[in-house]
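Below is one structure, written out as structure tokens; comments come after it.
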Amino acid sequence: MILVLPVDIQKGLDEYAYWGGERSNPAFEANVARLLAAARQMGHEIIHIRHDSTNPKSPLRPGQPGNEFKAQAAPMEGEPVIAKSVNSAFIGTDLEQCLHDLAADHLVIFGLTAEHCVSTTTRMAGNLGFRVSLVGDATAAFPTVTPDGEAIDAETHHRVHLAALHREFATVITTDEAVSLLSAGD
């Protein structure tokens, strides 16, 4: 069974100055909205992942506006939310048990950010034996700096993380391919 797993699509990730600059993928929100609409229309289970940061300076900490889901990714009534405080949605949560209880064996993962929580959750899902379709154009990344001081722009950072995950932990697909997959079922 296919299950849809949006990761950390929260308002605090719009605070670009905190994250080091503007993120990649300006079409991110529109692609997320399309994916969730298709999943709901086809009756797929959706489990939303929310990052509850323990860092007192983070815009993602509970009680702050940035902890809230972005409008395009707000859970509908009855859609469960699993809160986490580390990069992986599997650590310190009951996500794995929920997936087994629902007989989910194929996960469609997307969200923020490609280099952190999406990557870590995707890697663990693959290692736990789930088939993973990672929706590359429904993820995004921020710019970064290498240990030796070289700047890496957000788009390059995004592409490199998708490349590292593809074929090893997941199959990276587009939003169009994910909508087709959700329409066809498993």
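In the structure tokens, chains take letters A, B, ... by order of appearance, with residues numbered from 1 within each chain and ligands from 1 in the order shown.
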
Name all residues at most 8 Å from Val32 (chain A) (count only C-alpha atoms; drop same-chain ones fewer than 5 positions away) and give them as an MDAnalysis selection string.
-> chainID A and resid 72:73 110:111 138

Name the residues of region 1-183 of chain A that fall into helix (DSSP H, G or I) according to DSSP on the backbone, using the chain letters and numbers of this document, as a PyMOL selection string.
-> chain A and resi 11-14+16-19+28-41+65-67+71-73+95-101+117-127+154-165+175-183

Compare A:Arg61, A:His48, A:Lys11, A:Arg34 by their minimum atom-to-atom distance to Asp176 (chain A), counting only C-alpha atoms, and give me the closest one.
->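 With only C-alpha atoms as the atom set, the closest residue is A:Arg34.
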
Within 9 Å of region 153-162 of chain A using only C-alpha atoms, minus same-chain residues under 3 positions, as a VMD selection string = chain A and resid 21 to 25 113 to 115 119 134 136 139 to 145 165 to 166 172

Shell of 9 Å around region 89-103 of chain A, only C-alpha atoms, local chain residues under 6 positions omitted, as a ChimeraX atom specification = /A:1-3,7,45,47,49-51,82-83,117-118,120-121,124-125,128

Leu181 (chain A) environment, 10 Å, only C-alpha atoms, sequence neighbours closer than 5 positions dropped, as a list of chain:residue names = A:Ile2, A:Ala38, A:Ala39, A:Val108, A:Ser133, A:Ile173, A:Thr175, A:Asp176, A:Asp186

For Ala170 (chain A), which residue out of A:His116, A:His106, A:Arg40, A:Lys70 is the nearest one, using only C-alpha atoms?
->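 Closest candidate: A:His106.
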
Distance criterion (only C-alpha atoms): nearest to Gly78 (chain A) out of A:Pro59, A:Ile46, A:Ser183, A:Thr54 |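 Residue with the minimum atom-to-atom distance to Gly78 (chain A): A:Ile46.
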
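Between CA of Leu107 (chain A) and CA of Arg167 (chain A) the separation is 14.7 Å.
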
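Between CA of Asn55 (chain A) and CA of Glu150 (chain A) the separation is 26.4 Å.
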
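Atom pair CA of Pro75 (chain A) / CA of His44 (chain A): separated by 13.4 Å.
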
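Residue nearest Gly43 (chain A) within the list A:Val4, A:Pro80, A:Gly20, A:Thr171: A:Val4 [criterion: smallest interatomic distance, only C-alpha atoms].
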